[in-house]
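*Asks:* The structure that follows is given in the form of structure tokens.
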Amino acid sequence: MSDLALGNFNRLSAPSQLKITDLRFAKISGAPMDCVLLKIYTNSELVGFGEVRDWASETYALTLKSRLLGENPCNVDKLFRKIKQFGGMSRQAGGVSGVELALWDLAGKAYGVPIYQMLGGKFRDKVRLYSDTDQGGRPDGKKMGAALKERLDLGFTFLKMDWGVGTLMGLEEGGYLTAPLGFLDELKATRGVRRLYYSDREKFNKYNEVQNIAHFFTGLQITEKGLDFLENYLAEVRSVIGYEVPLAIDHCGHIGLNECIKLGRRAEKYNIAWLEDLLPWQATEQWKKLSQAIATPLGTGEDIYLKENFLPLLESGALSIVHPDILSTGGILETKKIGDLAQNYGAAMCMHMAETPVAALASAHVATATENFLALEFHSVEVDWWDDIVKAPHKPIIKNGFIELSDAPGLGIDDLNDEVIRAHLHSTQKDIWLPTPQWDDDYSSDRTWS
Ligand SMILES: [Mg+2]
């Protein structure tokens, strides 16, 4: 067996001889989402770390394994173009994107360079995070304000919260929402059921039926009483946190364009940084009308795969903020390209991120190297083991609401912490990093033309 096959070569002198030999995963829950961590192994001691999008299947990555074995991981763009056809919108892009992260990590480690440097270098030394806060347990604006204040006390300089239909559905009293009779009960009964996907098939099928109705087709409307409640909610939040700190809003509910306009107008005087995903991102014309009807900035993008799919919305002028998730765009280079594209249209780039430190650090590399970056999401303030998932030169990863990257090569992660990962193993899994030989020979003729 050659020295190369045994891994006996100087890793800094032979990146051109690197070859991919294996791909394995570890699935965890409670981070606070279900997350799939990836490792790509090589014919050297180098291992690349990646991650599939939150709530996505590891299968999206495993199906790529046979397309990657034997390839040099340093040829990141070449391999991305080879596997790109296996990505789709939102979670379907989780495999392609997660693998792309691991390729960059390997290339960086092989050449001894941090990823932000390979992307063109730094625009900033520190990456600003915005802290997201769910609706649950915060039925009034004072309680939400108190939760947001805790984030400010941790050092965060930018905030986001949920506000909208979900806020009203949590209230005991009726009269806040109009909907086909019985539909609100179905919505309530299927909330949170996604977590049962592997244990209660009947409930999960019902969840899909009810919760996956697109905004235009639900027939949901917010009453004047509902709008008054929501406006007062914002006034209460601002009375606690003040007006100096930016506050974005997400999860307004599946409502049509007219309701979005009504809601957006009520938000205007509370200086909202952006209203997020008010409509499905595909509805370009409706986004355009919405942006012309309200004065609050609009943002979307966490479900958009590939830069070209951001183009119609940017050309329409509807977006002040592009909001890609690095694990749905196609990965690191594609996200950098999305930021640069948005810059041409006068839109800033914020980044969605509800995953582990692997995705957070990968996002931070792009944020460091992209001029129009504004803020990166952090969704795990209440997960006290989040930081322990990785071993890295600078801990904690987030200090006073910022990530400051080190000069370490690749993503800047020394290793993954198997003890912590195993402690949060997903209940469908027997163990972590198990062999995946069943995916070695998966084959189809992949050429997309004849
Ligand atoms: Mg969102």
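In the structure tokens, chains take letters A, B, ... by order of appearance, with residues numbered from 1 within each chain and ligands from 1 in the order shown.
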List as a Markdown table every residue of chain A that is in contact with ligand 1, defined as an atom at most 7 Å from one of its atoms (using only C-alpha atoms and all ligand atoms), together with the nearest atom pair and the distance in Å rounded to one decimal, sorted by chain and then rising number.
*Replies:*
```
| residue | atom | partner | partner_atom_place_in_ligand_line | distance |
| --- | --- | --- | --- | --- |
| A:Asp250 | CA | ligand 1 | 1 (Mg) | 5.5 |
| A:His251 | CA | ligand 1 | 1 (Mg) | 6.5 |
| A:Glu276 | CA | ligand 1 | 1 (Mg) | 6.1 |
| A:Asp277 | CA | ligand 1 | 1 (Mg) | 6.4 |
| A:Glu302 | CA | ligand 1 | 1 (Mg) | 6.6 |
| A:His352 | CA | ligand 1 | 1 (Mg) | 6.8 |
```
*Asks:* Now that the selection is made, can you save its residues with N, CA and C atoms as a short mmCIF file (atom, residue, chain, number, x, y, z; two decimals), in the first residue's frame?
*Replies:*
```cif
data_model
loop_
_atom_site.label_atom_id
_atom_site.label_comp_id
_atom_site.auth_asym_id
_atom_site.auth_seq_id
_atom_site.Cartn_x
_atom_site.Cartn_y
_atom_site.Cartn_z
N ASP A 250 -40.52 37.83 13.12
CA ASP A 250 -40.65 36.61 12.30
C ASP A 250 -41.93 35.87 12.69
N HIS A 251 -42.28 34.89 11.88
CA HIS A 251 -43.41 33.98 12.14
C HIS A 251 -44.72 34.73 12.36
N GLU A 276 -40.21 39.33 8.48
CA GLU A 276 -39.56 38.20 7.81
C GLU A 276 -40.57 37.19 7.24
N ASP A 277 -40.31 36.74 6.04
CA ASP A 277 -41.08 35.64 5.43
C ASP A 277 -42.58 35.87 5.53
N GLU A 302 -34.48 32.31 3.81
CA GLU A 302 -33.94 31.13 4.49
C GLU A 302 -34.30 29.82 3.79
N HIS A 352 -29.92 33.63 8.30
CA HIS A 352 -30.68 32.72 9.16
C HIS A 352 -29.73 31.65 9.70
#
```
*Asks:* Fewer than 5 positions away in the same chain doesn't count, so skip those; otherwise give me all residues within 7 Å of range 329-334 of chain A, counting only C-alpha atoms, as number ranges by chain.
*Replies:* A: 93, 96-98, 100-101, 304-307, 324, 362, 366
*Asks:* Mind the document's chain letters and residue numbers, and return as an MDAnalysis selection string the residues of range 130-296 of chain A that DSSP labels alpha helix (DSSP H).
*Replies:* chainID A and resid 141:153 165:169 183:189 201:211 224:241 257:267 284:293
*Asks:* So, counting only C-alpha atoms, which residue among A:Trp163, A:Phe402, A:Trp449, A:Trp386 is closest to His424 in chain A?
*Replies:*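 The closest residue to His424 in chain A is A:Trp386.
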*Asks:* With only C-alpha atoms as the atoms that count, which of A:Leu62, A:Ala295, A:Leu278, A:Val237 lies nearest to Phe216 in chain A?
*Replies:*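 The answer is A:Leu278, which sits nearest to Phe216 in chain A.
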*Asks:* Using only C-alpha atoms, which protein or nucleic acid residues come within 12 Å of Phe204 in chain A? Drop anything in the same chain fewer than 3 positions from it, and give the result as a ChimeraX atom specification.
*Replies:* /A:189-201,207-212
*Asks:* Residues as selected, N, CA and C atoms, written as a short mmCIF file (atom, residue, chain, number, x, y, z; two decimals), in the first residue's frame, can you do that?
*Replies:*
```
data_model
loop_
_atom_site.label_atom_id
_atom_site.label_comp_id
_atom_site.auth_asym_id
_atom_site.auth_seq_id
_atom_site.Cartn_x
_atom_site.Cartn_y
_atom_site.Cartn_z
N ALA A 189 -54.38 22.21 17.18
CA ALA A 189 -54.16 20.79 17.48
C ALA A 189 -52.89 20.24 16.84
N THR A 190 -52.44 20.88 15.78
CA THR A 190 -51.26 20.34 15.07
C THR A 190 -49.99 21.15 15.33
N ARG A 191 -50.09 22.13 16.22
CA ARG A 191 -48.89 22.92 16.54
C ARG A 191 -47.86 22.05 17.25
N GLY A 192 -46.62 22.14 16.83
CA GLY A 192 -45.55 21.41 17.52
C GLY A 192 -45.50 19.93 17.20
N VAL A 193 -46.43 19.45 16.36
CA VAL A 193 -46.50 18.02 16.08
C VAL A 193 -45.32 17.55 15.23
N ARG A 194 -44.62 18.48 14.56
CA ARG A 194 -43.46 18.11 13.76
C ARG A 194 -42.49 17.24 14.54
N ARG A 195 -42.38 17.50 15.83
CA ARG A 195 -41.43 16.74 16.65
C ARG A 195 -41.83 15.26 16.78
N LEU A 196 -43.06 14.92 16.38
CA LEU A 196 -43.53 13.54 16.52
C LEU A 196 -43.40 12.76 15.22
N TYR A 197 -42.62 13.27 14.27
CA TYR A 197 -42.66 12.68 12.93
C TYR A 197 -42.34 11.20 12.90
N TYR A 198 -41.56 10.74 13.85
CA TYR A 198 -41.14 9.34 13.81
C TYR A 198 -41.96 8.46 14.76
N SER A 199 -42.86 9.07 15.54
CA SER A 199 -43.56 8.25 16.53
C SER A 199 -45.07 8.21 16.35
N ASP A 200 -45.67 9.19 15.69
CA ASP A 200 -47.11 9.19 15.54
C ASP A 200 -47.47 9.59 14.10
N ARG A 201 -47.53 8.59 13.24
CA ARG A 201 -47.70 8.83 11.81
C ARG A 201 -49.00 9.56 11.50
N TYR A 207 -50.63 17.01 10.59
CA TYR A 207 -49.78 18.22 10.69
C TYR A 207 -49.45 18.74 9.30
N ASN A 208 -49.00 17.84 8.42
CA ASN A 208 -48.63 18.26 7.07
C ASN A 208 -49.83 18.84 6.32
N GLU A 209 -50.97 18.20 6.50
CA GLU A 209 -52.18 18.63 5.80
C GLU A 209 -52.56 20.06 6.21
N VAL A 210 -52.46 20.36 7.49
CA VAL A 210 -52.95 21.64 8.01
C VAL A 210 -51.88 22.73 7.98
N GLN A 211 -50.69 22.41 8.44
CA GLN A 211 -49.67 23.45 8.61
C GLN A 211 -48.97 23.80 7.30
N ASN A 212 -49.13 22.96 6.28
CA ASN A 212 -48.45 23.25 5.01
C ASN A 212 -49.34 23.94 3.99
#
```
*Asks:* Within 10 Å of Phe183 in chain A, counting only C-alpha atoms, which residues qualify if same-chain residues fewer than 4 places away don't, as a PyMOL selection string?
*Replies:* chain A and resi 178-179+187-189+210+218-220
*Asks:* With DSSP run on the backbone, what are the strand (DSSP E) residues within range 110-304 of chain A? I'd like them as number ranges by chain.
*Replies:* A: 127-133, 159-162, 177-178, 221-222, 247-250, 272-276, 298-300
*Asks:* Take the residues from that selection and put them in a file with C-alpha atoms, as a short mmCIF file (atom, residue, chain, number, x, y, z; two decimals), in the first residue's frame.
*Replies:*
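Final output, saved to part04.cif:
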```cif
data_model
loop_
_atom_site.label_atom_id
_atom_site.label_comp_id
_atom_site.auth_asym_id
_atom_site.auth_seq_id
_atom_site.Cartn_x
_atom_site.Cartn_y
_atom_site.Cartn_z
CA VAL A 127 -19.52 39.19 13.41
CA ARG A 128 -22.67 40.68 14.95
CA LEU A 129 -25.35 38.23 16.02
CA TYR A 130 -29.02 38.87 16.49
CA SER A 131 -30.78 36.91 19.17
CA ASP A 132 -34.08 35.32 18.21
CA THR A 133 -36.87 34.71 20.71
CA LEU A 159 -32.96 41.32 18.46
CA LYS A 160 -35.72 39.37 16.77
CA MET A 161 -38.99 37.94 18.08
CA ASP A 162 -42.12 36.11 16.91
CA LEU A 177 -58.93 35.96 14.18
CA THR A 178 -61.39 35.15 11.41
CA GLN A 221 -57.78 37.15 8.65
CA ILE A 222 -56.88 39.27 11.66
CA LEU A 247 -35.90 44.54 16.57
CA ALA A 248 -36.86 42.24 13.68
CA ILE A 249 -40.06 40.17 13.55
CA ASP A 250 -40.65 36.61 12.30
CA ILE A 272 -39.10 47.18 13.09
CA ALA A 273 -35.78 46.18 11.49
CA TRP A 274 -37.55 43.82 9.09
CA LEU A 275 -40.66 41.70 8.79
CA GLU A 276 -39.56 38.20 7.81
CA LEU A 298 -38.93 43.27 4.33
CA GLY A 299 -36.63 40.26 4.45
CA THR A 300 -36.74 36.67 3.23
#
```
*Asks:* Check the smallest atom-to-atom distance from each of A:Tyr233, A:Trp287, A:Phe217, A:Phe156 to Lys142 in chain A using only C-alpha atoms, then report the winner.
*Replies:*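 Among A:Tyr233, A:Trp287, A:Phe217, A:Phe156, it is A:Tyr233 that comes nearest to Lys142 in chain A.
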*Asks:* Could you please determine the separation between CA of Thr42 in chain A and CA of Ile432 in chain A in Å, to one decimal place?
*Replies:*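 Those two atoms sit 18.3 Å apart.
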*Asks:* Give me the residues near Ile389 in chain A as a PyMOL selection string, where near means some atom within 8 Å (using only C-alpha atoms) and where sequence neighbours in that chain fewer than 2 positions away do not count.
*Replies:* chain A and resi 356-357+385-387+391+416-418+420-421
*Asks:* Give me the residues near range 367-370 of chain A as a PyMOL selection string, where near means some atom within 9 Å (using only C-alpha atoms) and where sequence neighbours in that chain fewer than 2 positions away do not count.
*Replies:* chain A and resi 116-117+119-128+336-337+339-340+349-351+362-365+372-376+405
*Asks:* Which residues are close to Lys269 in chain A, i.e. within 10 Å by only C-alpha atoms, leaving aside same-chain residues fewer than 2 positions away? Reply as a list in words.
*Replies:* Glu231, Leu234, Ala235, Gly264, Arg265, Arg266, Ala267, Asn271, Ile272, Ala295 and Thr296 of chain A
*Asks:* The selected residues should be written to file as a compact mmCIF listing (two decimals), in the first residue's frame (atoms: N, CA and C atoms).
*Replies:*
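The resulting result_31.txt:
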```txt
# COMPACT_ATOMS: atom_id res chain seq x y z
N GLU A 231 -50.69 45.46 18.12
CA GLU A 231 -50.01 46.77 18.20
C GLU A 231 -49.63 47.09 19.64
N LEU A 234 -46.53 45.25 20.67
CA LEU A 234 -45.29 45.91 20.26
C LEU A 234 -44.96 47.11 21.14
N ALA A 235 -46.01 47.87 21.49
CA ALA A 235 -45.78 49.04 22.37
C ALA A 235 -45.22 48.58 23.72
N GLY A 264 -48.54 44.93 8.67
CA GLY A 264 -47.33 45.73 8.46
C GLY A 264 -47.55 47.19 8.83
N ARG A 265 -48.72 47.71 8.53
CA ARG A 265 -48.99 49.11 8.86
C ARG A 265 -49.02 49.33 10.37
N ARG A 266 -49.55 48.34 11.10
CA ARG A 266 -49.58 48.47 12.56
C ARG A 266 -48.16 48.44 13.16
N ALA A 267 -47.23 47.83 12.45
CA ALA A 267 -45.86 47.70 13.00
C ALA A 267 -45.01 48.94 12.76
N ASN A 271 -40.69 50.93 14.65
CA ASN A 271 -39.35 50.83 14.04
C ASN A 271 -38.84 49.40 14.00
N ILE A 272 -39.49 48.59 13.20
CA ILE A 272 -39.10 47.18 13.09
C ILE A 272 -38.00 47.05 12.03
N ALA A 295 -44.14 50.71 5.11
CA ALA A 295 -42.83 51.37 5.22
C ALA A 295 -41.81 50.56 6.01
N THR A 296 -42.22 49.39 6.53
CA THR A 296 -41.28 48.56 7.27
C THR A 296 -40.45 47.71 6.30
```
*Asks:* Do you have the CA of Gly410 in chain A-CA of Ile115 in chain A distance handy?
*Replies:* 5.1 Å
*Asks:* Using only C-alpha atoms, which of A:Gln343, A:Met353, A:Val165, A:Val113 sits nearest Phe378 in chain A?
*Replies:*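 Closest to Phe378 in chain A, using only C-alpha atoms: A:Met353.
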*Asks:* I'd like to know which of A:Ser29, A:Gln92, A:Asn72, A:Thr21 is closest to Ala56 in chain A, using only C-alpha atoms.
*Replies:*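 Checking each of A:Ser29, A:Gln92, A:Asn72, A:Thr21 against Ala56 in chain A, counting only C-alpha atoms, the winner is A:Gln92.
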